[in-house]
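Novice: Below is a structure I'd like to ask you about.
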Amino acid sequence: MKESFVQIGAGSAVFTRGLVAALIRQGRPAELALVDVDPRALRVAEGLTRKMVAAGGAPITVHATTDRRTVLPGATAVICTIGVGGRRAWEQDVFIPRRHGLYAPVGDTVGPGGSSRALRMIPAMVAIARDVLELAPNAIFINYSNPMAAICRAVRHATGAPVIGLCHGVDSVADYLAHELGEPRNDLTHTAVGLNHLTWFVDVRVRGEDARPRLRALAERKLAAGVDPSLAMPGYPFAAMDWPHHNLFTWELVLRFGAFASARDRHTTEFFPQFFRHGRYFGQTLGVDAFSFESTIAEGDAVFAEMQRLALDPAPLPAEILAELDQEQEQALEILSAIRDGRELIVSANLPNTGQVPNLPHAAVLESPARVTAAGLEPVPVPPLPAGIVGTLATRLAWVETLVESALEGSRDKFIQALVLDGSVDSFDAASRLADELLTAQAEYLPQFRP
């Protein structure tokens, strides 16, 4: 069958290029509708997409619109990559808490920044889900936007839409672990369970043999060696990840909890704010010189500027550009192909807990193994998690529920509760002040909080 894709949030600086490149590599006829509420971003995405399709000689028909309802009828797959408020709003999610002494390297999943982002994202995604249910009820509905767990939980809770949350983090960490163990990636198997960006590799095997003792020994060596700050690369956006002894906090979690946590220190540190007061991180400051947030934003702006240049340049797009693009987006197409072909595939996906993890709350959105069949995605049951790992997730899952209620109800009180549950603030007064400042700064994107 000919697939009809609708990508909502096509102005994404990175994702659209990758999705189009993946479609071109797949080589199948397809319809692709690009949707974005920002006409400028949409114009750039459309121009670049048309040039990519022409350069690849692909049988893809491209449409572009600011009104998703006009292209949803007949869609077979809806992929959401929205970012309400874009990078300018994201900056406030990080910079406002920073003024309160709270530092974040990413600020899009947990912490005050992730909490603030959820308030903008949830109503928008719920509205999209309702349109999908009305106009494309049989479409595969995929979300890539963060905060993943809160968005997917809100959509399921408010609409019942069967949204699937996808992230490349678990696959990326599996590659990393194979590299650290000095083993071929195809020889490594794993079971990873948890909350997106805090997904625990509770089982790791190499050619069927338990590799966790080897990971523990590796963790001991890395922690004993420590960090040599002189080996950092000043000005490089992710300098701390490129030290020979990097991700030390995640490796310490291996010793303390017996499992490696995805997606390594840049995200994992945000789930444990009690260890990183004032951003202190192995002699650096989180979000400043360790995993520089400003560099992340600058890189996103630079990527969009390059997209705009390529889109508006009258010259054809060099064909080699297609081969250089990230392949994170391949997973969505692989899942869709497996469903159509009736081919079984195991992936990491964010789905409600229907019993696959027996000692975590029912209906909580968990990132865990899922089996892809002709009928869709179904979670793969795993053994009960160790009590310590459950403890790292339980409060976070309650935080998700509280945040979802705050976003859907427009409740300031529940937003303050979520900030307290998150653990970054040190008093109720601090939580209240921070909540009010974030709500004021993002007011144009938060109509549910207006009197």
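Chain identifiers are assigned as A, B, and so on, following the order in which chains appear in the structure tokens; residues are numbered from 1 within each chain, and ligands are numbered from 1 in order of appearance.
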Please identify all polymer residues within 12 Å of His157 in chain A, counting only C-alpha atoms, omitting same-chain residues fewer than 5 positions from it, and present them as a PDB file with N, CA and C atoms, in the first residue's frame.
Specialist:
ATOM      1  N   ILE A 122       1.416  19.709  26.340  1.00  0.00           N
ATOM      2  CA  ILE A 122       0.299  18.784  26.549  1.00  0.00           C
ATOM      3  C   ILE A 122      -0.993  19.260  25.890  1.00  0.00           C
ATOM      4  N   MET A 125      -0.706  18.774  22.092  1.00  0.00           N
ATOM      5  CA  MET A 125      -0.710  17.376  21.659  1.00  0.00           C
ATOM      6  C   MET A 125      -2.083  16.735  21.860  1.00  0.00           C
ATOM      7  N   VAL A 126      -2.792  17.128  22.898  1.00  0.00           N
ATOM      8  CA  VAL A 126      -4.148  16.608  23.100  1.00  0.00           C
ATOM      9  C   VAL A 126      -5.067  17.071  21.968  1.00  0.00           C
ATOM     10  N   ALA A 129      -4.259  15.014  18.963  1.00  0.00           N
ATOM     11  CA  ALA A 129      -4.781  13.652  19.123  1.00  0.00           C
ATOM     12  C   ALA A 129      -6.273  13.593  18.817  1.00  0.00           C
ATOM     13  N   ARG A 130      -7.008  14.589  19.250  1.00  0.00           N
ATOM     14  CA  ARG A 130      -8.456  14.594  18.969  1.00  0.00           C
ATOM     15  C   ARG A 130      -8.726  14.704  17.471  1.00  0.00           C
ATOM     16  N   ALA A 149       7.159  11.067  28.408  1.00  0.00           N
ATOM     17  CA  ALA A 149       6.232  10.356  29.294  1.00  0.00           C
ATOM     18  C   ALA A 149       4.999  11.200  29.598  1.00  0.00           C
ATOM     19  N   ALA A 150       5.186  12.485  29.891  1.00  0.00           N
ATOM     20  CA  ALA A 150       4.063  13.350  30.232  1.00  0.00           C
ATOM     21  C   ALA A 150       3.140  13.548  29.041  1.00  0.00           C
ATOM     22  N   ILE A 151       3.702  13.744  27.855  1.00  0.00           N
ATOM     23  CA  ILE A 151       2.878  13.944  26.657  1.00  0.00           C
ATOM     24  C   ILE A 151       2.059  12.694  26.361  1.00  0.00           C
ATOM     25  N   CYS A 152       2.723  11.543  26.315  1.00  0.00           N
ATOM     26  CA  CYS A 152       2.012  10.311  25.961  1.00  0.00           C
ATOM     27  C   CYS A 152       0.967   9.955  27.009  1.00  0.00           C
ATOM     28  N   PRO A 162      -4.242   6.058  20.663  1.00  0.00           N
ATOM     29  CA  PRO A 162      -3.161   5.086  20.889  1.00  0.00           C
ATOM     30  C   PRO A 162      -1.799   5.599  20.441  1.00  0.00           C
ATOM     31  N   VAL A 163      -1.358   6.684  21.032  1.00  0.00           N
ATOM     32  CA  VAL A 163      -0.084   7.276  20.642  1.00  0.00           C
ATOM     33  C   VAL A 163       1.068   6.375  21.070  1.00  0.00           C
ATOM     34  N   PRO A 352       1.557   2.514  27.565  1.00  0.00           N
ATOM     35  CA  PRO A 352       1.008   2.371  28.914  1.00  0.00           C
ATOM     36  C   PRO A 352       1.356   1.017  29.519  1.00  0.00           C
ATOM     37  N   ALA A 363      -1.183   1.751  33.797  1.00  0.00           N
ATOM     38  CA  ALA A 363      -1.458   2.865  32.876  1.00  0.00           C
ATOM     39  C   ALA A 363      -0.336   3.889  32.800  1.00  0.00           C
ATOM     40  N   ALA A 364       0.654   3.812  33.696  1.00  0.00           N
ATOM     41  CA  ALA A 364       1.793   4.719  33.582  1.00  0.00           C
ATOM     42  C   ALA A 364       2.513   4.463  32.266  1.00  0.00           C
ATOM     43  N   VAL A 365       2.940   5.513  31.592  1.00  0.00           N
ATOM     44  CA  VAL A 365       3.662   5.347  30.330  1.00  0.00           C
ATOM     45  C   VAL A 365       5.109   4.995  30.632  1.00  0.00           C
ATOM     46  N   VAL A 400       4.690  12.864  36.901  1.00  0.00           N
ATOM     47  CA  VAL A 400       4.040  12.891  35.584  1.00  0.00           C
ATOM     48  C   VAL A 400       2.534  13.089  35.749  1.00  0.00           C
ATOM     49  N   GLU A 401       1.907  12.306  36.636  1.00  0.00           N
ATOM     50  CA  GLU A 401       0.454  12.408  36.816  1.00  0.00           C
ATOM     51  C   GLU A 401       0.063  13.805  37.289  1.00  0.00           C
ATOM     52  N   VAL A 404       0.472  16.283  34.409  1.00  0.00           N
ATOM     53  CA  VAL A 404      -0.599  16.115  33.424  1.00  0.00           C
ATOM     54  C   VAL A 404      -1.870  16.799  33.915  1.00  0.00           C
ATOM     55  N   GLU A 405      -2.205  16.606  35.185  1.00  0.00           N
ATOM     56  CA  GLU A 405      -3.396  17.259  35.727  1.00  0.00           C
ATOM     57  C   GLU A 405      -3.250  18.778  35.700  1.00  0.00           C
ATOM     58  N   LEU A 408      -3.703  19.994  32.022  1.00  0.00           N
ATOM     59  CA  LEU A 408      -5.059  19.858  31.498  1.00  0.00           C
ATOM     60  C   LEU A 408      -6.056  20.753  32.220  1.00  0.00           C
TER      61      LEU A 408
END
Novice: Please identify the strand (DSSP E) residues within range 298-376 of chain A (assignment by DSSP from backbone atoms) and present them as number ranges by chain.
Specialist: A: 345-352, 365-373, 376
Novice: For the selection you just gave me, I'd like the residues written to a file as a compact mmCIF listing (two decimals), in the first residue's frame, keeping N, CA and C atoms.
Specialist:
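Written out: again07.txt:
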# COMPACT_ATOMS: atom_id res chain seq x y z
N LEU A 345 9.13 -7.67 15.10
CA LEU A 345 10.27 -6.80 15.38
C LEU A 345 10.18 -6.38 16.84
N ILE A 346 11.30 -6.35 17.55
CA ILE A 346 11.32 -5.87 18.93
C ILE A 346 11.96 -4.49 18.95
N VAL A 347 11.26 -3.53 19.54
CA VAL A 347 11.75 -2.16 19.62
C VAL A 347 11.57 -1.65 21.05
N SER A 348 12.17 -0.51 21.34
CA SER A 348 11.93 0.18 22.60
C SER A 348 10.88 1.26 22.34
N ALA A 349 9.78 1.21 23.09
CA ALA A 349 8.69 2.15 22.83
C ALA A 349 8.07 2.61 24.14
N ASN A 350 7.45 3.79 24.10
CA ASN A 350 6.76 4.35 25.25
C ASN A 350 5.27 4.05 25.13
N LEU A 351 4.80 3.14 26.01
CA LEU A 351 3.42 2.66 25.97
C LEU A 351 2.89 2.57 27.40
N PRO A 352 1.56 2.51 27.56
CA PRO A 352 1.01 2.37 28.91
C PRO A 352 1.36 1.02 29.52
N VAL A 365 2.94 5.51 31.59
CA VAL A 365 3.66 5.35 30.33
C VAL A 365 5.11 5.00 30.63
N LEU A 366 5.52 3.82 30.17
CA LEU A 366 6.86 3.31 30.41
C LEU A 366 7.59 3.09 29.11
N GLU A 367 8.90 3.28 29.14
CA GLU A 367 9.74 2.95 27.99
C GLU A 367 10.29 1.54 28.24
N SER A 368 9.91 0.62 27.38
CA SER A 368 10.28 -0.78 27.59
C SER A 368 10.17 -1.53 26.27
N PRO A 369 10.60 -2.79 26.23
CA PRO A 369 10.54 -3.52 24.97
C PRO A 369 9.10 -3.73 24.50
N ALA A 370 8.90 -3.63 23.19
CA ALA A 370 7.59 -3.86 22.59
C ALA A 370 7.77 -4.70 21.33
N ARG A 371 6.80 -5.56 21.10
CA ARG A 371 6.81 -6.42 19.92
C ARG A 371 5.93 -5.79 18.84
N VAL A 372 6.50 -5.66 17.65
CA VAL A 372 5.75 -5.12 16.52
C VAL A 372 5.25 -6.30 15.69
N THR A 373 3.93 -6.33 15.48
CA THR A 373 3.32 -7.36 14.64
C THR A 373 2.34 -6.69 13.69
N GLY A 376 0.05 -4.27 15.35
CA GLY A 376 0.57 -3.06 15.97
C GLY A 376 1.64 -3.37 17.00
Novice: Residues of range 418-443 of chain A within 8 Å of range 87-92 of chain A: nearest atom pair and distance (Å, one decimal) for each, counting only C-alpha atoms, sorted by chain and number, as JSON lines?
Specialist:
{"residue": "A:Leu438", "atom": "CA", "partner": "A:Gln92", "partner_atom": "CA", "distance": 7.7}
{"residue": "A:Ala441", "atom": "CA", "partner": "A:Gln92", "partner_atom": "CA", "distance": 7.3}
{"residue": "A:Gln442", "atom": "CA", "partner": "A:Ala89", "partner_atom": "CA", "distance": 7.0}
Novice: A:His246, A:Val78, A:Ala58, A:Asp93: which is nearest Phe293 in chain A, counting only C-alpha atoms?
Specialist: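 The closest residue to Phe293 in chain A is A:Asp93.
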